[in-house]
file my_file-v6.pdb (PDB, C-alpha atoms)
ATOM      1  CA  MET A   1     -66.705  35.311-127.601  1.00  0.00           C
ATOM      2  CA  SER A   2     -68.623  32.330-126.331  1.00  0.00           C
ATOM      3  CA  TYR A   3     -70.656  32.368-123.174  1.00  0.00           C
ATOM      4  CA  GLU A   4     -72.190  29.619-121.102  1.00  0.00           C
ATOM      5  CA  PRO A   5     -75.853  28.849-121.738  1.00  0.00           C
ATOM      6  CA  ALA A   6     -78.296  30.138-119.166  1.00  0.00           C
ATOM      7  CA  PRO A   7     -79.305  27.807-116.335  1.00  0.00           C
ATOM      8  CA  GLN A   8     -82.876  26.496-116.470  1.00  0.00           C
ATOM      9  CA  ASP A   9     -84.208  28.984-113.912  1.00  0.00           C
ATOM     10  CA  ARG A  10     -82.718  32.085-115.624  1.00  0.00           C
ATOM     11  CA  ASP A  11     -83.921  34.270-118.484  1.00  0.00           C
ATOM     12  CA  PRO A  12     -81.508  33.496-121.373  1.00  0.00           C
ATOM     13  CA  ARG A  13     -81.521  37.081-122.706  1.00  0.00           C
ATOM     14  CA  LEU A  14     -80.749  38.623-119.317  1.00  0.00           C
ATOM     15  CA  TRP A  15     -78.172  35.918-118.617  1.00  0.00           C
ATOM     16  CA  HIS A  16     -76.376  36.781-121.856  1.00  0.00           C
ATOM     17  CA  ILE A  17     -76.366  40.511-121.017  1.00  0.00           C
ATOM     18  CA  ALA A  18     -75.061  39.766-117.504  1.00  0.00           C
ATOM     19  CA  GLN A  19     -72.229  37.690-118.961  1.00  0.00           C
ATOM     20  CA  ARG A  20     -71.279  40.470-121.365  1.00  0.00           C
ATOM     21  CA  ARG A  21     -71.185  43.006-118.541  1.00  0.00           C
ATOM     22  CA  ALA A  22     -69.150  40.736-116.256  1.00  0.00           C
ATOM     23  CA  SER A  23     -66.740  40.119-119.122  1.00  0.00           C
ATOM     24  CA  PHE A  24     -66.357  43.882-119.625  1.00  0.00           C
ATOM     25  CA  LYS A  25     -65.606  44.440-115.925  1.00  0.00           C
ATOM     26  CA  TYR A  26     -62.933  41.748-116.035  1.00  0.00           C
ATOM     27  CA  HIS A  27     -61.471  43.312-119.203  1.00  0.00           C
ATOM     28  CA  LEU A  28     -61.445  46.748-117.529  1.00  0.00           C
ATOM     29  CA  GLY A  29     -59.563  45.371-114.521  1.00  0.00           C
ATOM     30  CA  ILE A  30     -56.884  43.786-116.720  1.00  0.00           C
ATOM     31  CA  TYR A  31     -56.614  47.041-118.706  1.00  0.00           C
ATOM     32  CA  VAL A  32     -56.007  49.081-115.542  1.00  0.00           C
ATOM     33  CA  VAL A  33     -53.424  46.658-114.126  1.00  0.00           C
ATOM     34  CA  MET A  34     -51.515  46.385-117.393  1.00  0.00           C
ATOM     35  CA  ASN A  35     -51.500  50.137-117.974  1.00  0.00           C
ATOM     36  CA  ILE A  36     -50.127  50.739-114.489  1.00  0.00           C
ATOM     37  CA  PHE A  37     -47.403  48.256-115.424  1.00  0.00           C
ATOM     38  CA  PHE A  38     -46.701  49.915-118.816  1.00  0.00           C
ATOM     39  CA  TRP A  39     -46.498  53.399-117.349  1.00  0.00           C
ATOM     40  CA  GLY A  40     -44.418  52.148-114.414  1.00  0.00           C
ATOM     41  CA  VAL A  41     -41.896  50.567-116.766  1.00  0.00           C
ATOM     42  CA  TRP A  42     -41.755  53.774-118.791  1.00  0.00           C
ATOM     43  CA  TYR A  43     -41.268  55.898-115.667  1.00  0.00           C
ATOM     44  CA  PHE A  44     -38.808  53.710-113.765  1.00  0.00           C
ATOM     45  CA  THR A  45     -36.553  53.065-116.744  1.00  0.00           C
ATOM     46  CA  GLU A  46     -35.971  56.825-116.647  1.00  0.00           C
ATOM     47  CA  GLU A  47     -36.953  57.073-120.276  1.00  0.00           C
ATOM     48  CA  HIS A  48     -39.164  59.998-119.306  1.00  0.00           C
ATOM     49  CA  LEU A  49     -36.021  62.004-118.546  1.00  0.00           C
ATOM     50  CA  THR A  50     -34.362  61.454-121.907  1.00  0.00           C
ATOM     51  CA  SER A  51     -37.153  60.970-124.430  1.00  0.00           C
ATOM     52  CA  ARG A  52     -38.731  63.645-126.540  1.00  0.00           C
ATOM     53  CA  GLY A  53     -42.250  63.484-127.853  1.00  0.00           C
ATOM     54  CA  TRP A  54     -44.845  60.966-126.840  1.00  0.00           C
ATOM     55  CA  PRO A  55     -44.013  58.262-124.285  1.00  0.00           C
ATOM     56  CA  TRP A  56     -44.190  54.781-125.779  1.00  0.00           C
ATOM     57  CA  ALA A  57     -46.759  53.717-123.148  1.00  0.00           C
ATOM     58  CA  VAL A  58     -49.368  56.020-124.650  1.00  0.00           C
ATOM     59  CA  TRP A  59     -49.752  53.742-127.700  1.00  0.00           C
ATOM     60  CA  PRO A  60     -50.879  50.562-125.917  1.00  0.00           C
ATOM     61  CA  THR A  61     -53.071  52.718-123.668  1.00  0.00           C
ATOM     62  CA  ILE A  62     -54.851  54.272-126.657  1.00  0.00           C
ATOM     63  CA  GLY A  63     -55.009  51.098-128.748  1.00  0.00           C
ATOM     64  CA  TRP A  64     -56.299  48.889-125.976  1.00  0.00           C
ATOM     65  CA  GLY A  65     -58.586  51.700-124.834  1.00  0.00           C
ATOM     66  CA  ILE A  66     -60.314  51.700-128.220  1.00  0.00           C
ATOM     67  CA  GLY A  67     -60.961  47.978-127.892  1.00  0.00           C
ATOM     68  CA  LEU A  68     -62.221  48.518-124.356  1.00  0.00           C
ATOM     69  CA  LEU A  69     -64.585  51.233-125.599  1.00  0.00           C
ATOM     70  CA  PHE A  70     -66.151  48.826-128.099  1.00  0.00           C
ATOM     71  CA  HIS A  71     -66.443  46.181-125.384  1.00  0.00           C
ATOM     72  CA  PHE A  72     -68.229  48.728-123.173  1.00  0.00           C
ATOM     73  CA  LEU A  73     -70.611  49.669-125.985  1.00  0.00           C
ATOM     74  CA  SER A  74     -71.532  46.047-126.626  1.00  0.00           C
ATOM     75  CA  ALA A  75     -72.064  45.364-122.926  1.00  0.00           C
ATOM     76  CA  TYR A  76     -73.942  48.472-121.791  1.00  0.00           C
ATOM     77  CA  VAL A  77     -75.121  50.625-124.696  1.00  0.00           C
ATOM     78  CA  TYR A  78     -76.178  48.011-127.259  1.00  0.00           C
ATOM     79  CA  PRO A  79     -76.544  44.854-125.156  1.00  0.00           C
ATOM     80  CA  LYS A  80     -79.470  43.498-127.133  1.00  0.00           C
ATOM     81  CA  SER A  81     -77.859  43.672-130.547  1.00  0.00           C
ATOM     82  CA  ASN A  82     -76.736  40.207-131.448  1.00  0.00           C
ATOM     83  CA  ALA A  83     -75.672  39.957-135.080  1.00  0.00           C
ATOM     84  CA  VAL A  84     -75.621  36.149-135.087  1.00  0.00           C
ATOM     85  CA  GLU A  85     -79.222  35.878-133.900  1.00  0.00           C
ATOM     86  CA  LYS A  86     -80.352  38.477-136.452  1.00  0.00           C
ATOM     87  CA  GLU A  87     -78.627  36.669-139.298  1.00  0.00           C
ATOM     88  CA  TYR A  88     -80.068  33.355-138.151  1.00  0.00           C
ATOM     89  CA  GLU A  89     -83.576  34.809-138.182  1.00  0.00           C
ATOM     90  CA  LYS A  90     -83.043  36.217-141.688  1.00  0.00           C
ATOM     91  CA  LEU A  91     -81.857  32.846-142.962  1.00  0.00           C
ATOM     92  CA  LYS A  92     -84.746  31.083-141.275  1.00  0.00           C
ATOM     93  CA  GLN A  93     -87.271  33.477-142.856  1.00  0.00           C
ATOM     94  CA  ASN A  94     -85.677  33.084-146.297  1.00  0.00           C
ATOM     95  CA  GLN A  95     -85.786  29.313-145.976  1.00  0.00           C
ATOM     96  CA  ASN A  96     -89.492  29.333-145.148  1.00  0.00           C
ATOM     97  CA  ARG A  97     -90.361  31.326-148.294  1.00  0.00           C
TER      98      ARG A  97
END

call {"tool": "encode", "arguments": {"input": "my_file-v6.pdb", "output": "structure tokens"}}
result
Amino acid sequence: MSYEPAPQDRDPRLWHIAQRRASFKYHLGIYVVMNIFFWGVWYFTEEHLTSRGWPWAVWPTIGWGIGLLFHFLSAYVYPKSNAVEKEYEKLKQNQNR
């Protein structure tokens, strides 16, 4: 995911973390809206009256929820871990040897 560079008067590290968190909040909003839609379709098609077992809407909820969990972790739990920057630093150190 690409983010805009920080403006001149902003700390680039904090700007990057803020963008990740804003992106997560947007993702969460879309997840909620779409899951309301999925479950509404399942309910109003009256499939809940005739189906046995798991409703089909549980699968996109779980699958997308796993992706949302990883997005949350990268935005709030491990916001400073940036694999690209770490790899760049390794390459730069190896080049200087």

call {"tool": "closest_residue", "arguments": {"input": "my_file-v6.pdb", "among": "A:Phe24, A:Pro7, A:Pro12, A:Glu47", "to": "Leu73 of chain A", "atoms": "only C-alpha atoms"}}
result
A:Phe24

call {"tool": "resolve_selection", "arguments": {"input": "my_file-v6.pdb", "expression": "the PyMOL selection byres ((chain A and resi 63-72) around 8)", "output": "PyMOL selection string"}}
result
chain A and resi 21+24+27-28+31+59-62+73-77

call {"tool": "resolve_selection", "arguments": {"input": "my_file-v6.pdb", "expression": "the PyMOL selection byres ((chain A and resi 57) around 10)", "output": "JSON, numbers by chain"}}
result
{"A": [35, 36, 37, 38, 39, 40, 41, 42, 43, 54, 55, 56, 58, 59, 60, 61, 62]}

call {"tool": "atom_distance", "arguments": {"input": "my_file-v6.pdb", "atom1": "atom CA of Gly29 of chain A", "atom2": "atom CA of His16 of chain A"}}
result
20.3 Å

call {"tool": "closest_residue", "arguments": {"input": "my_file-v6.pdb", "among": "A:Tyr3, A:Met34, A:Asn96, A:Phe44", "to": "Trp15 of chain A", "atoms": "all atoms listed in the file"}}
result
A:Tyr3

call {"tool": "atom_distance", "arguments": {"input": "my_file-v6.pdb", "atom1": "atom CA of Glu4 of chain A", "atom2": "atom CA of Glu85 of chain A"}}
result
15.9 Å

call {"tool": "axis_aligned_box", "arguments": {"input": "my_file-v6.pdb", "around": "segment 18-28 of chain A", "padding_each_side": "3 Å", "output": "JSON"}}
result
{"center_x": -68.3, "center_y": 42.2, "center_z": -118.6, "size_x": 19.6, "size_y": 15.1, "size_z": 11.4}

call {"tool": "build_atoms", "arguments": {"input": "my_file-v6.pdb", "residues": "segment 13-45 of chain A", "atoms": "N, CA and C atoms", "output": "compact mmCIF listing (two decimals), in the frame of the given file"}}
result
# COMPACT_ATOMS: atom_id res chain seq x y z
N ARG A 13 -81.92 35.76 -122.21
CA ARG A 13 -81.52 37.08 -122.71
C ARG A 13 -80.81 37.87 -121.62
N LEU A 14 -81.39 37.89 -120.43
CA LEU A 14 -80.75 38.62 -119.32
C LEU A 14 -79.44 37.96 -118.90
N TRP A 15 -79.39 36.65 -118.96
CA TRP A 15 -78.17 35.92 -118.62
C TRP A 15 -77.05 36.31 -119.58
N HIS A 16 -77.37 36.41 -120.86
CA HIS A 16 -76.38 36.78 -121.86
C HIS A 16 -75.87 38.21 -121.61
N ILE A 17 -76.76 39.13 -121.31
CA ILE A 17 -76.37 40.51 -121.02
C ILE A 17 -75.49 40.56 -119.76
N ALA A 18 -75.86 39.80 -118.74
CA ALA A 18 -75.06 39.77 -117.50
C ALA A 18 -73.66 39.23 -117.77
N GLN A 19 -73.55 38.23 -118.63
CA GLN A 19 -72.23 37.69 -118.96
C GLN A 19 -71.38 38.71 -119.72
N ARG A 20 -72.01 39.45 -120.62
CA ARG A 20 -71.28 40.47 -121.36
C ARG A 20 -70.76 41.56 -120.42
N ARG A 21 -71.59 41.96 -119.48
CA ARG A 21 -71.18 43.01 -118.54
C ARG A 21 -70.09 42.52 -117.59
N ALA A 22 -70.20 41.29 -117.13
CA ALA A 22 -69.15 40.74 -116.26
C ALA A 22 -67.84 40.61 -117.02
N SER A 23 -67.93 40.22 -118.29
CA SER A 23 -66.74 40.12 -119.12
C SER A 23 -66.09 41.48 -119.31
N PHE A 24 -66.90 42.53 -119.49
CA PHE A 24 -66.36 43.88 -119.62
C PHE A 24 -65.64 44.30 -118.35
N LYS A 25 -66.23 44.04 -117.19
CA LYS A 25 -65.61 44.44 -115.92
C LYS A 25 -64.27 43.75 -115.73
N TYR A 26 -64.19 42.48 -116.11
CA TYR A 26 -62.93 41.75 -116.04
C TYR A 26 -61.91 42.38 -116.98
N HIS A 27 -62.33 42.68 -118.20
CA HIS A 27 -61.47 43.31 -119.20
C HIS A 27 -60.96 44.66 -118.70
N LEU A 28 -61.83 45.46 -118.08
CA LEU A 28 -61.44 46.75 -117.53
C LEU A 28 -60.38 46.59 -116.44
N GLY A 29 -60.55 45.61 -115.58
CA GLY A 29 -59.56 45.37 -114.52
C GLY A 29 -58.19 45.02 -115.08
N ILE A 30 -58.15 44.16 -116.09
CA ILE A 30 -56.88 43.79 -116.72
C ILE A 30 -56.26 45.01 -117.39
N TYR A 31 -57.09 45.82 -118.04
CA TYR A 31 -56.61 47.04 -118.71
C TYR A 31 -55.94 47.98 -117.70
N VAL A 32 -56.57 48.18 -116.56
CA VAL A 32 -56.01 49.08 -115.54
C VAL A 32 -54.68 48.53 -115.01
N VAL A 33 -54.65 47.26 -114.67
CA VAL A 33 -53.42 46.66 -114.13
C VAL A 33 -52.29 46.74 -115.14
N MET A 34 -52.57 46.38 -116.38
CA MET A 34 -51.52 46.38 -117.39
C MET A 34 -51.03 47.80 -117.72
N ASN A 35 -51.94 48.77 -117.70
CA ASN A 35 -51.50 50.14 -117.97
C ASN A 35 -50.68 50.71 -116.83
N ILE A 36 -50.99 50.35 -115.61
CA ILE A 36 -50.13 50.74 -114.49
C ILE A 36 -48.74 50.15 -114.70
N PHE A 37 -48.69 48.91 -115.14
CA PHE A 37 -47.40 48.26 -115.42
C PHE A 37 -46.66 48.98 -116.55
N PHE A 38 -47.35 49.24 -117.68
CA PHE A 38 -46.70 49.92 -118.82
C PHE A 38 -46.13 51.27 -118.41
N TRP A 39 -46.95 52.06 -117.74
CA TRP A 39 -46.50 53.40 -117.35
C TRP A 39 -45.41 53.33 -116.28
N GLY A 40 -45.48 52.33 -115.41
CA GLY A 40 -44.42 52.15 -114.41
C GLY A 40 -43.09 51.80 -115.06
N VAL A 41 -43.13 50.91 -116.04
CA VAL A 41 -41.90 50.57 -116.77
C VAL A 41 -41.35 51.80 -117.45
N TRP A 42 -42.20 52.55 -118.12
CA TRP A 42 -41.76 53.77 -118.79
C TRP A 42 -41.12 54.75 -117.80
N TYR A 43 -41.76 54.93 -116.65
CA TYR A 43 -41.27 55.90 -115.67
C TYR A 43 -39.98 55.42 -115.00
N PHE A 44 -39.95 54.18 -114.55
CA PHE A 44 -38.81 53.71 -113.76
C PHE A 44 -37.59 53.35 -114.60
N THR A 45 -37.74 53.25 -115.90
CA THR A 45 -36.55 53.06 -116.74
C THR A 45 -35.91 54.41 -117.06
